Each structure stands twice: as structure tokens, then as C-alpha cells.
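**Student:** For reference, this is final32.cif, and it has mmCIF, C-alpha atoms.
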data_coords
#
loop_
_atom_site.group_PDB
_atom_site.id
_atom_site.type_symbol
_atom_site.label_atom_id
_atom_site.label_comp_id
_atom_site.auth_asym_id
_atom_site.auth_seq_id
_atom_site.Cartn_x
_atom_site.Cartn_y
_atom_site.Cartn_z
ATOM 1 C CA MET A 25 87.898 287.412 248.286
ATOM 2 C CA LEU A 26 85.284 289.198 250.356
ATOM 3 C CA ALA A 27 84.758 292.973 250.148
ATOM 4 C CA PHE A 28 82.786 294.687 252.924
ATOM 5 C CA ASN A 29 81.528 298.169 253.645
ATOM 6 C CA HIS A 30 83.504 299.750 256.501
ATOM 7 C CA SER A 31 81.668 301.518 259.331
ATOM 8 C CA SER A 32 83.703 300.883 262.483
ATOM 9 C CA TYR A 33 86.838 299.287 263.931
ATOM 10 C CA PHE A 34 84.351 296.732 265.242
ATOM 11 C CA ASP A 35 83.850 295.423 261.668
ATOM 12 C CA ALA A 36 87.053 293.359 261.766
ATOM 13 C CA PHE A 37 86.166 291.809 265.137
ATOM 14 C CA VAL A 38 82.718 290.813 263.899
ATOM 15 C CA LEU A 39 84.150 289.226 260.752
ATOM 16 C CA ALA A 40 86.924 287.429 262.648
ATOM 17 C CA ALA A 41 84.243 285.945 264.908
ATOM 18 C CA ILE A 42 81.880 284.716 262.197
ATOM 19 C CA LEU A 43 83.954 283.854 259.120
ATOM 20 C CA PRO A 44 85.180 280.257 258.961
ATOM 21 C CA GLY A 45 88.854 279.340 258.883
ATOM 22 C CA GLU A 46 91.569 281.958 259.103
ATOM 23 C CA PRO A 47 90.630 284.777 256.756
ATOM 24 C CA ALA A 48 93.269 287.397 256.033
ATOM 25 C CA ILE A 49 91.556 290.629 257.040
ATOM 26 C CA VAL A 50 93.649 293.257 255.270
ATOM 27 C CA ALA A 51 94.517 296.281 257.441
ATOM 28 C CA LYS A 52 96.174 299.650 256.975
ATOM 29 C CA ARG A 53 99.906 299.607 257.690
ATOM 30 C CA GLU A 54 99.540 302.247 260.419
ATOM 31 C CA LEU A 55 97.919 299.608 262.645
ATOM 32 C CA ALA A 56 101.086 297.497 262.579
ATOM 33 C CA GLY A 57 102.796 300.103 264.780
ATOM 34 C CA HIS A 58 99.859 300.623 267.131
ATOM 35 C CA LEU A 59 100.782 299.898 270.756
ATOM 36 C CA LEU A 60 97.865 297.552 271.469
ATOM 37 C CA ALA A 61 96.571 296.408 268.088
ATOM 38 C CA GLY A 62 99.944 295.992 266.348
ATOM 39 C CA PRO A 63 101.285 292.944 268.222
ATOM 40 C CA LEU A 64 97.908 291.185 268.091
ATOM 41 C CA LEU A 65 97.425 291.807 264.375
ATOM 42 C CA ARG A 66 100.981 290.716 263.535
ATOM 43 C CA ARG A 67 100.497 287.515 265.548
ATOM 44 C CA LEU A 68 97.317 286.838 263.572
ATOM 45 C CA GLN A 69 99.377 287.286 260.361
ATOM 46 C CA ILE A 70 97.165 290.115 259.172
ATOM 47 C CA PRO A 71 98.472 291.474 255.863
ATOM 48 C CA PHE A 72 99.072 295.208 256.083
ATOM 49 C CA VAL A 73 98.855 297.577 253.125
ATOM 50 C CA GLU A 74 100.452 300.950 252.538
ATOM 51 C CA ARG A 75 98.008 303.718 251.691
ATOM 52 C CA TYR A 76 100.356 306.632 250.988
ATOM 53 C CA ASP A 77 103.428 305.376 249.096
ATOM 54 C CA VAL A 78 102.529 304.193 245.582
ATOM 55 C CA SER A 79 105.536 301.879 245.102
ATOM 56 C CA GLU A 80 104.904 300.189 248.460
ATOM 57 C CA SER A 81 101.199 299.906 247.616
ATOM 58 C CA LEU A 82 102.115 298.086 244.393
ATOM 59 C CA GLU A 83 104.366 295.700 246.330
ATOM 60 C CA ASP A 84 101.535 295.048 248.776
ATOM 61 C CA ALA A 85 99.160 294.321 245.880
ATOM 62 C CA SER A 86 101.641 291.738 244.533
ATOM 63 C CA ARG A 87 101.938 290.151 247.971
ATOM 64 C CA LEU A 88 98.138 289.994 248.357
ATOM 65 C CA THR A 89 97.806 288.458 244.889
ATOM 66 C CA ALA A 90 100.292 285.743 245.907
ATOM 67 C CA LEU A 91 98.344 285.079 249.130
ATOM 68 C CA ALA A 92 95.114 284.774 247.149
ATOM 69 C CA ARG A 93 96.699 282.409 244.627
ATOM 70 C CA ASP A 94 97.924 280.306 247.563
ATOM 71 C CA GLY A 95 94.309 279.911 248.699
ATOM 72 C CA ARG A 96 94.162 282.403 251.569
ATOM 73 C CA VAL A 97 90.742 284.061 251.818
ATOM 74 C CA LEU A 98 91.247 287.830 251.675
ATOM 75 C CA VAL A 99 88.838 290.190 253.410
ATOM 76 C CA VAL A 100 89.045 293.831 252.362
ATOM 77 C CA PHE A 101 87.373 297.138 253.133
ATOM 78 C CA PRO A 102 87.709 298.957 249.791
ATOM 79 C CA GLU A 103 86.496 302.287 251.228
ATOM 80 C CA GLY A 104 89.868 302.379 252.982
ATOM 81 C CA THR A 105 88.577 304.169 256.055
ATOM 82 C CA PHE A 106 85.395 305.104 257.849
ATOM 83 C CA THR A 107 83.902 308.158 259.509
ATOM 84 C CA ARG A 108 81.182 308.815 262.068
ATOM 85 C CA ARG A 109 78.997 310.042 259.228
ATOM 86 C CA PRO A 110 76.781 307.302 257.747
ATOM 87 C CA GLY A 111 77.275 306.503 254.083
ATOM 88 C CA LEU A 112 79.186 304.379 251.601
ATOM 89 C CA THR A 113 82.182 306.236 250.174
ATOM 90 C CA GLY A 114 83.997 305.506 246.928
ATOM 91 C CA PHE A 115 86.061 302.328 246.613
ATOM 92 C CA TYR A 116 89.796 302.239 245.986
ATOM 93 C CA LEU A 117 90.971 299.968 243.174
ATOM 94 C CA GLY A 118 93.681 297.911 244.925
ATOM 95 C CA ALA A 119 91.542 294.963 246.018
ATOM 96 C CA PHE A 120 89.868 294.754 242.628
ATOM 97 C CA LYS A 121 93.218 294.788 240.837
ATOM 98 C CA VAL A 122 94.336 291.906 243.071
ATOM 99 C CA ALA A 123 91.118 289.955 242.395
ATOM 100 C CA ALA A 124 91.379 290.452 238.631
ATOM 101 C CA ALA A 125 95.085 289.506 238.567
ATOM 102 C CA ALA A 126 94.417 286.343 240.588
ATOM 103 C CA GLY A 127 91.225 285.503 238.676
ATOM 104 C CA LEU A 128 89.173 285.646 241.870
ATOM 105 C CA ALA A 129 85.508 286.390 242.163
ATOM 106 C CA ILE A 130 84.560 288.814 244.932
ATOM 107 C CA LEU A 131 81.781 288.171 247.398
ATOM 108 C CA PRO A 132 80.216 291.521 248.341
ATOM 109 C CA GLY A 133 79.655 291.693 252.088
ATOM 110 C CA ILE A 134 77.329 293.991 253.952
ATOM 111 C CA ILE A 135 77.745 294.805 257.643
ATOM 112 C CA ARG A 136 74.947 296.686 259.379
ATOM 113 C CA GLY A 137 74.909 298.068 262.911
ATOM 114 C CA THR A 138 78.604 298.370 263.741
ATOM 115 C CA ARG A 139 78.617 302.136 263.219
ATOM 116 C CA THR A 140 76.035 302.414 266.016
ATOM 117 C CA VAL A 141 77.779 299.901 268.310
ATOM 118 C CA LEU A 142 81.218 301.527 268.038
ATOM 119 C CA ARG A 143 81.322 304.915 266.329
ATOM 120 C CA GLY A 144 84.460 306.551 265.040
ATOM 121 C CA GLU A 145 86.404 308.319 267.818
ATOM 122 C CA GLN A 146 84.548 306.266 270.443
ATOM 123 C CA TRP A 147 86.378 303.834 272.756
ATOM 124 C CA PHE A 148 83.618 301.801 274.366
ATOM 125 C CA PRO A 149 80.992 299.854 272.427
ATOM 126 C CA ARG A 150 77.269 300.309 272.946
ATOM 127 C CA GLN A 151 74.658 297.623 272.814
ATOM 128 C CA GLY A 152 73.066 297.176 269.423
ATOM 129 C CA ALA A 153 72.039 294.763 266.704
ATOM 130 C CA ILE A 154 74.626 293.749 264.108
ATOM 131 C CA SER A 155 73.979 291.788 260.936
ATOM 132 C CA VAL A 156 76.236 290.464 258.211
ATOM 133 C CA GLU A 157 75.099 289.470 254.738
ATOM 134 C CA ILE A 158 77.206 287.980 251.971
ATOM 135 C CA ALA A 159 75.845 288.441 248.457
ATOM 136 C CA ASP A 160 76.443 286.402 245.323
ATOM 137 C CA ALA A 161 79.925 286.455 243.841
ATOM 138 C CA VAL A 162 80.930 288.963 241.189
ATOM 139 C CA ALA A 163 83.575 287.612 238.820
ATOM 140 C CA PRO A 164 86.183 289.719 237.039
ATOM 141 C CA SER A 165 85.796 289.902 233.265
ATOM 142 C CA GLY A 166 89.544 290.129 232.661
ATOM 143 C CA THR A 167 92.626 291.942 233.892
ATOM 144 C CA SER A 168 92.412 295.178 231.917
ATOM 145 C CA PHE A 169 91.968 298.504 233.685
ATOM 146 C CA GLU A 170 88.403 298.655 232.371
ATOM 147 C CA ALA A 171 87.684 295.166 233.787
ATOM 148 C CA VAL A 172 89.057 296.248 237.190
ATOM 149 C CA LEU A 173 86.824 299.364 237.157
ATOM 150 C CA ASN A 174 83.792 297.294 236.166
ATOM 151 C CA LEU A 175 84.462 294.798 238.966
ATOM 152 C CA ARG A 176 84.800 297.612 241.512
ATOM 153 C CA ASP A 177 81.603 299.299 240.354
ATOM 154 C CA ALA A 178 79.587 296.060 240.307
ATOM 155 C CA VAL A 179 80.665 295.098 243.853
ATOM 156 C CA ARG A 180 80.004 298.626 245.152
ATOM 157 C CA ASP A 181 76.540 298.675 243.545
ATOM 158 C CA VAL A 182 75.604 295.448 245.373
ATOM 159 C CA ILE A 183 76.852 296.733 248.731
ATOM 160 C CA LEU A 184 75.227 300.152 248.279
ATOM 161 C CA SER A 185 71.859 298.589 247.402
ATOM 162 C CA ARG A 186 71.847 296.577 250.650
ATOM 163 C CA CYS A 187 73.772 298.536 253.311
ATOM 164 C CA GLY A 188 70.968 301.001 254.076
ATOM 165 C CA GLU A 189 73.293 304.005 254.057
ATOM 166 C CA PRO A 190 73.495 306.936 251.622
ATOM 167 C CA ASP A 191 75.827 307.083 248.645
ATOM 168 C CA LEU A 192 78.861 309.240 249.447
ATOM 169 C CA SER A 193 80.568 308.365 246.173
ATOM 170 C CA GLY A 194 83.626 310.528 246.718
ATOM 171 C CA LEU A 195 86.696 308.853 248.153
ATOM 172 C CA ALA A 196 87.361 309.695 251.794
ATOM 173 C CA LYS A 197 91.139 309.971 251.511
ATOM 174 C CA PRO A 198 92.716 309.630 254.949
ATOM 175 C CA GLU A 199 95.219 312.201 256.130
ATOM 176 C CA PRO A 200 98.842 310.964 256.057
ATOM 177 C CA PRO A 201 100.342 310.219 259.472
ATOM 178 C CA PRO A 202 102.314 313.078 261.063
#
What is this file in C-alpha cells?
**Tutor:**
Amino acid sequence: MLAFNHSSYFDAFVLAAILPGEPAIVAKRELAGHLLAGPLLRRLQIPFVERYDVSESLEDASRLTALARDGRVLVVFPEGTFTRRPGLTGFYLGAFKVAAAAGLAILPGIIRGTRTVLRGEQWFPRQGAISVEIADAVAPSGTSFEAVLNLRDAVRDVILSRCGEPDLSGLAKPEPPP
């Protein structure tokens, strides 16, 4: 499993272009119904996750765990969303629960430059430098809640130390769809 900071919709395109094989870049369920992105993402067999309904989120976590156990490389953005404002927000636990349950180490990934190339609420990219770094794996120490928290914190610490953005440790909870 790879966990990246999330700065732009451009992040997924960059990762799809550079990662080998067919990684499963996990996306929010709202994108499945998007007029343009939905059909493309479904065709690419992107796993979608529910962010608002707890029971559906748990089902999604089980499905992602099964994909990981079957050998599919999962790519997640544990911040859950991004804003125009630079900074690394708090990480949600779902991906780390999946990694611990499947016994998977997580490779922390750092993307730099995508926030400048395609800012939030912007439709056309600008020219700019983009870099991607993948740090050493962080292994789960078990499946307990404490082990999941420790895994999350260790991965976030690596990303924060290398992303070049400030620590916005609070979770940026997205607004539910209308």
C-alpha cells in the first residue's frame, strides 16, 4: 500500500502515469457519479469509498482489505480531501486499518508541486515542476486500535517531514453532498 499527501486532483493523474502496473488509486464515492470522471474511473476499476455513512465505510474497508490480500497495490490519500491552502491535514484511519488487517506495510509517498500546477477550484493546469518521492516502508505492529494509530502517525510523520508544507493537524472534514 502507498499513502500520499493530497494537494490536487492532478495527484491521481501523476501517480497513474508513473506507478508501475495497475495500482488501485482509491477515490471518494462522489466521483463515481461525476459526469466526466465517473465513467473513466469505473472503467479503470478504481475502488470507491464512502466518506459519510459509517456502515458503508466499514464495508468498503473490508473490500479494500480483500483487494490488498489478493495482491492489488492500493494507493490512498489519507487526508481524504485537499484545499487551496498549503499544508498537511490530519489523516483518517481507514487506510491504516486496512493495512493492519491485511498485514501490509505502507510506503509513504510525497508529491510536491501539484498544488501549484492545478489548485483547488481551478480547471486548467499551469506549468510547474512536480516531484514524487517514495520513502521506506512502515510496517504495522499488529491489528489493535493502538497499532493502527501508531501506523497512521508514523506514516504521517514521514510525509510531513518531506512534503515541505506546514502541519495542519486537524482533519479537514468535507461537507456532505447536498
**Student:** Return as a list in words the set of residues that the PyMOL selection byres ((chain A and resi 161) around 6) yields on the displayed structure.
**Tutor:**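 So the PyMOL selection byres ((chain A and resi 161) around 6), applied here, picks out Ala129, Ile130, Leu131, Asp160 and Val162 of chain A.
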**Student:** Given the file shown, determine the residues that the PyMOL selection byres ((chain A and resi 137) around 12) selects; report them as a list of chain:residue names.
**Tutor:**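 Evaluating the PyMOL selection byres ((chain A and resi 137) around 12) on these coordinates yields A:Asn29, A:His30, A:Ser31, A:Ser32, A:Phe34, A:Asp35, A:Val38, A:Pro110, A:Ile134, A:Ile135, A:Arg136, A:Thr138, A:Arg139, A:Thr140, A:Val141, A:Leu142, A:Arg143, A:Pro149, A:Arg150, A:Gln151, A:Gly152, A:Ala153, A:Ile154, A:Ser155, A:Val156, A:Glu157, A:Cys187, A:Gly188, A:Glu189.
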**Student:** Just the number, please: distance in Å from atom CA of A:Leu184 to atom CA of A:Glu103, one decimal.
**Tutor:** 11.8 Å
**Student:** Identify all residues satisfying the PyMOL selection byres ((chain A and resi 89) around 12) in the given file; provide them as a PyMOL selection string.
**Tutor:** chain A and resi 25+71+82-88+90-98+118-128
**Student:** Take the residues from that selection and put them in a file with C-alpha atoms, as a PDB file, in the frame of the given file.
**Tutor:**
ATOM      1  CA  MET A  25      87.898 287.412 248.286  1.00  0.00           C
ATOM      2  CA  PRO A  71      98.472 291.474 255.863  1.00  0.00           C
ATOM      3  CA  LEU A  82     102.115 298.086 244.393  1.00  0.00           C
ATOM      4  CA  GLU A  83     104.366 295.700 246.330  1.00  0.00           C
ATOM      5  CA  ASP A  84     101.535 295.048 248.776  1.00  0.00           C
ATOM      6  CA  ALA A  85      99.160 294.321 245.880  1.00  0.00           C
ATOM      7  CA  SER A  86     101.641 291.738 244.533  1.00  0.00           C
ATOM      8  CA  ARG A  87     101.938 290.151 247.971  1.00  0.00           C
ATOM      9  CA  LEU A  88      98.138 289.994 248.357  1.00  0.00           C
ATOM     10  CA  ALA A  90     100.292 285.743 245.907  1.00  0.00           C
ATOM     11  CA  LEU A  91      98.344 285.079 249.130  1.00  0.00           C
ATOM     12  CA  ALA A  92      95.114 284.774 247.149  1.00  0.00           C
ATOM     13  CA  ARG A  93      96.699 282.409 244.627  1.00  0.00           C
ATOM     14  CA  ASP A  94      97.924 280.306 247.563  1.00  0.00           C
ATOM     15  CA  GLY A  95      94.309 279.911 248.699  1.00  0.00           C
ATOM     16  CA  ARG A  96      94.162 282.403 251.569  1.00  0.00           C
ATOM     17  CA  VAL A  97      90.742 284.061 251.818  1.00  0.00           C
ATOM     18  CA  LEU A  98      91.247 287.830 251.675  1.00  0.00           C
ATOM     19  CA  GLY A 118      93.681 297.911 244.925  1.00  0.00           C
ATOM     20  CA  ALA A 119      91.542 294.963 246.018  1.00  0.00           C
ATOM     21  CA  PHE A 120      89.868 294.754 242.628  1.00  0.00           C
ATOM     22  CA  LYS A 121      93.218 294.788 240.837  1.00  0.00           C
ATOM     23  CA  VAL A 122      94.336 291.906 243.071  1.00  0.00           C
ATOM     24  CA  ALA A 123      91.118 289.955 242.395  1.00  0.00           C
ATOM     25  CA  ALA A 124      91.379 290.452 238.631  1.00  0.00           C
ATOM     26  CA  ALA A 125      95.085 289.506 238.567  1.00  0.00           C
ATOM     27  CA  ALA A 126      94.417 286.343 240.588  1.00  0.00           C
ATOM     28  CA  GLY A 127      91.225 285.503 238.676  1.00  0.00           C
ATOM     29  CA  LEU A 128      89.173 285.646 241.870  1.00  0.00           C
TER      30      LEU A 128
END
**Student:** Take atom CA of A:Phe72 and atom CA of A:Tyr33 and report the distance between them in Å, one decimal.
**Tutor:**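 Between atom CA of A:Phe72 and atom CA of A:Tyr33 the gap works out to 15.1 Å.
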**Student:** Counting all atoms listed in the file, what is within 10 Å of A:Asn174, bar same-chain residues fewer than 5 positions away, as a list in words?
**Tutor:**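 Near neighbours after the sequence-gap exclusion: Phe120, Pro164, Ser165, Gly166, Ser168, Phe169, Val179 and Arg180 of chain A.
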**Student:** Model the absent atoms of stretch 142-164 of chain A so that N, CA and C atoms are present, and write the result as a PDB file, in the frame of the given file.
**Tutor:**
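For reference, out.pdb as written:
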ATOM      1  N   LEU A 142      79.933 300.894 267.731  1.00  0.00           N
ATOM      2  CA  LEU A 142      81.218 301.527 268.038  1.00  0.00           C
ATOM      3  C   LEU A 142      81.510 302.578 266.974  1.00  0.00           C
ATOM      4  N   ARG A 143      81.133 303.808 267.268  1.00  0.00           N
ATOM      5  CA  ARG A 143      81.322 304.915 266.329  1.00  0.00           C
ATOM      6  C   ARG A 143      82.784 305.318 266.245  1.00  0.00           C
ATOM      7  N   GLY A 144      83.129 305.988 265.169  1.00  0.00           N
ATOM      8  CA  GLY A 144      84.460 306.551 265.040  1.00  0.00           C
ATOM      9  C   GLY A 144      84.744 307.487 266.203  1.00  0.00           C
ATOM     10  N   GLU A 145      85.966 307.477 266.700  1.00  0.00           N
ATOM     11  CA  GLU A 145      86.404 308.319 267.818  1.00  0.00           C
ATOM     12  C   GLU A 145      85.707 307.959 269.131  1.00  0.00           C
ATOM     13  N   GLN A 146      85.170 306.751 269.221  1.00  0.00           N
ATOM     14  CA  GLN A 146      84.548 306.266 270.443  1.00  0.00           C
ATOM     15  C   GLN A 146      85.362 305.055 270.924  1.00  0.00           C
ATOM     16  N   TRP A 147      85.537 304.904 272.225  1.00  0.00           N
ATOM     17  CA  TRP A 147      86.378 303.834 272.756  1.00  0.00           C
ATOM     18  C   TRP A 147      85.605 302.660 273.314  1.00  0.00           C
ATOM     19  N   PHE A 148      84.378 302.871 273.733  1.00  0.00           N
ATOM     20  CA  PHE A 148      83.618 301.801 274.366  1.00  0.00           C
ATOM     21  C   PHE A 148      82.376 301.493 273.542  1.00  0.00           C
ATOM     22  N   PRO A 149      82.162 300.206 273.232  1.00  0.00           N
ATOM     23  CA  PRO A 149      80.992 299.854 272.427  1.00  0.00           C
ATOM     24  C   PRO A 149      79.685 300.027 273.188  1.00  0.00           C
ATOM     25  N   ARG A 150      78.634 300.236 272.422  1.00  0.00           N
ATOM     26  CA  ARG A 150      77.269 300.309 272.946  1.00  0.00           C
ATOM     27  C   ARG A 150      76.564 299.010 272.558  1.00  0.00           C
ATOM     28  N   GLN A 151      75.458 298.772 273.188  1.00  0.00           N
ATOM     29  CA  GLN A 151      74.658 297.623 272.814  1.00  0.00           C
ATOM     30  C   GLN A 151      73.914 297.945 271.532  1.00  0.00           C
ATOM     31  N   GLY A 152      73.801 296.962 270.656  1.00  0.00           N
ATOM     32  CA  GLY A 152      73.066 297.176 269.423  1.00  0.00           C
ATOM     33  C   GLY A 152      73.060 295.929 268.564  1.00  0.00           C
ATOM     34  N   ALA A 153      72.163 295.899 267.614  1.00  0.00           N
ATOM     35  CA  ALA A 153      72.039 294.763 266.704  1.00  0.00           C
ATOM     36  C   ALA A 153      73.034 294.904 265.555  1.00  0.00           C
ATOM     37  N   ILE A 154      73.677 293.796 265.220  1.00  0.00           N
ATOM     38  CA  ILE A 154      74.626 293.749 264.108  1.00  0.00           C
ATOM     39  C   ILE A 154      74.206 292.607 263.193  1.00  0.00           C
ATOM     40  N   SER A 155      74.252 292.862 261.891  1.00  0.00           N
ATOM     41  CA  SER A 155      73.979 291.788 260.936  1.00  0.00           C
ATOM     42  C   SER A 155      75.041 291.799 259.841  1.00  0.00           C
ATOM     43  N   VAL A 156      75.286 290.627 259.304  1.00  0.00           N
ATOM     44  CA  VAL A 156      76.236 290.464 258.211  1.00  0.00           C
ATOM     45  C   VAL A 156      75.547 289.664 257.120  1.00  0.00           C
ATOM     46  N   GLU A 157      75.665 290.154 255.905  1.00  0.00           N
ATOM     47  CA  GLU A 157      75.099 289.470 254.738  1.00  0.00           C
ATOM     48  C   GLU A 157      76.206 289.328 253.708  1.00  0.00           C
ATOM     49  N   ILE A 158      76.247 288.180 253.051  1.00  0.00           N
ATOM     50  CA  ILE A 158      77.206 287.980 251.971  1.00  0.00           C
ATOM     51  C   ILE A 158      76.404 287.690 250.707  1.00  0.00           C
ATOM     52  N   ALA A 159      76.604 288.531 249.705  1.00  0.00           N
ATOM     53  CA  ALA A 159      75.845 288.441 248.457  1.00  0.00           C
ATOM     54  C   ALA A 159      76.541 287.487 247.482  1.00  0.00           C
ATOM     55  N   ASP A 160      75.894 287.275 246.361  1.00  0.00           N
ATOM     56  CA  ASP A 160      76.443 286.402 245.323  1.00  0.00           C
ATOM     57  C   ASP A 160      77.743 286.974 244.762  1.00  0.00           C
ATOM     58  N   ALA A 161      78.607 286.087 244.358  1.00  0.00           N
ATOM     59  CA  ALA A 161      79.925 286.455 243.841  1.00  0.00           C
ATOM     60  C   ALA A 161      79.827 287.268 242.552  1.00  0.00           C
ATOM     61  N   VAL A 162      80.776 288.177 242.412  1.00  0.00           N
ATOM     62  CA  VAL A 162      80.930 288.963 241.189  1.00  0.00           C
ATOM     63  C   VAL A 162      82.301 288.610 240.628  1.00  0.00           C
ATOM     64  N   ALA A 163      82.324 288.070 239.422  1.00  0.00           N
ATOM     65  CA  ALA A 163      83.575 287.612 238.820  1.00  0.00           C
ATOM     66  C   ALA A 163      84.196 288.700 237.956  1.00  0.00           C
ATOM     67  N   PRO A 164      85.526 288.766 237.937  1.00  0.00           N
ATOM     68  CA  PRO A 164      86.183 289.719 237.039  1.00  0.00           C
ATOM     69  C   PRO A 164      86.021 289.264 235.593  1.00  0.00           C
TER      70      PRO A 164
END
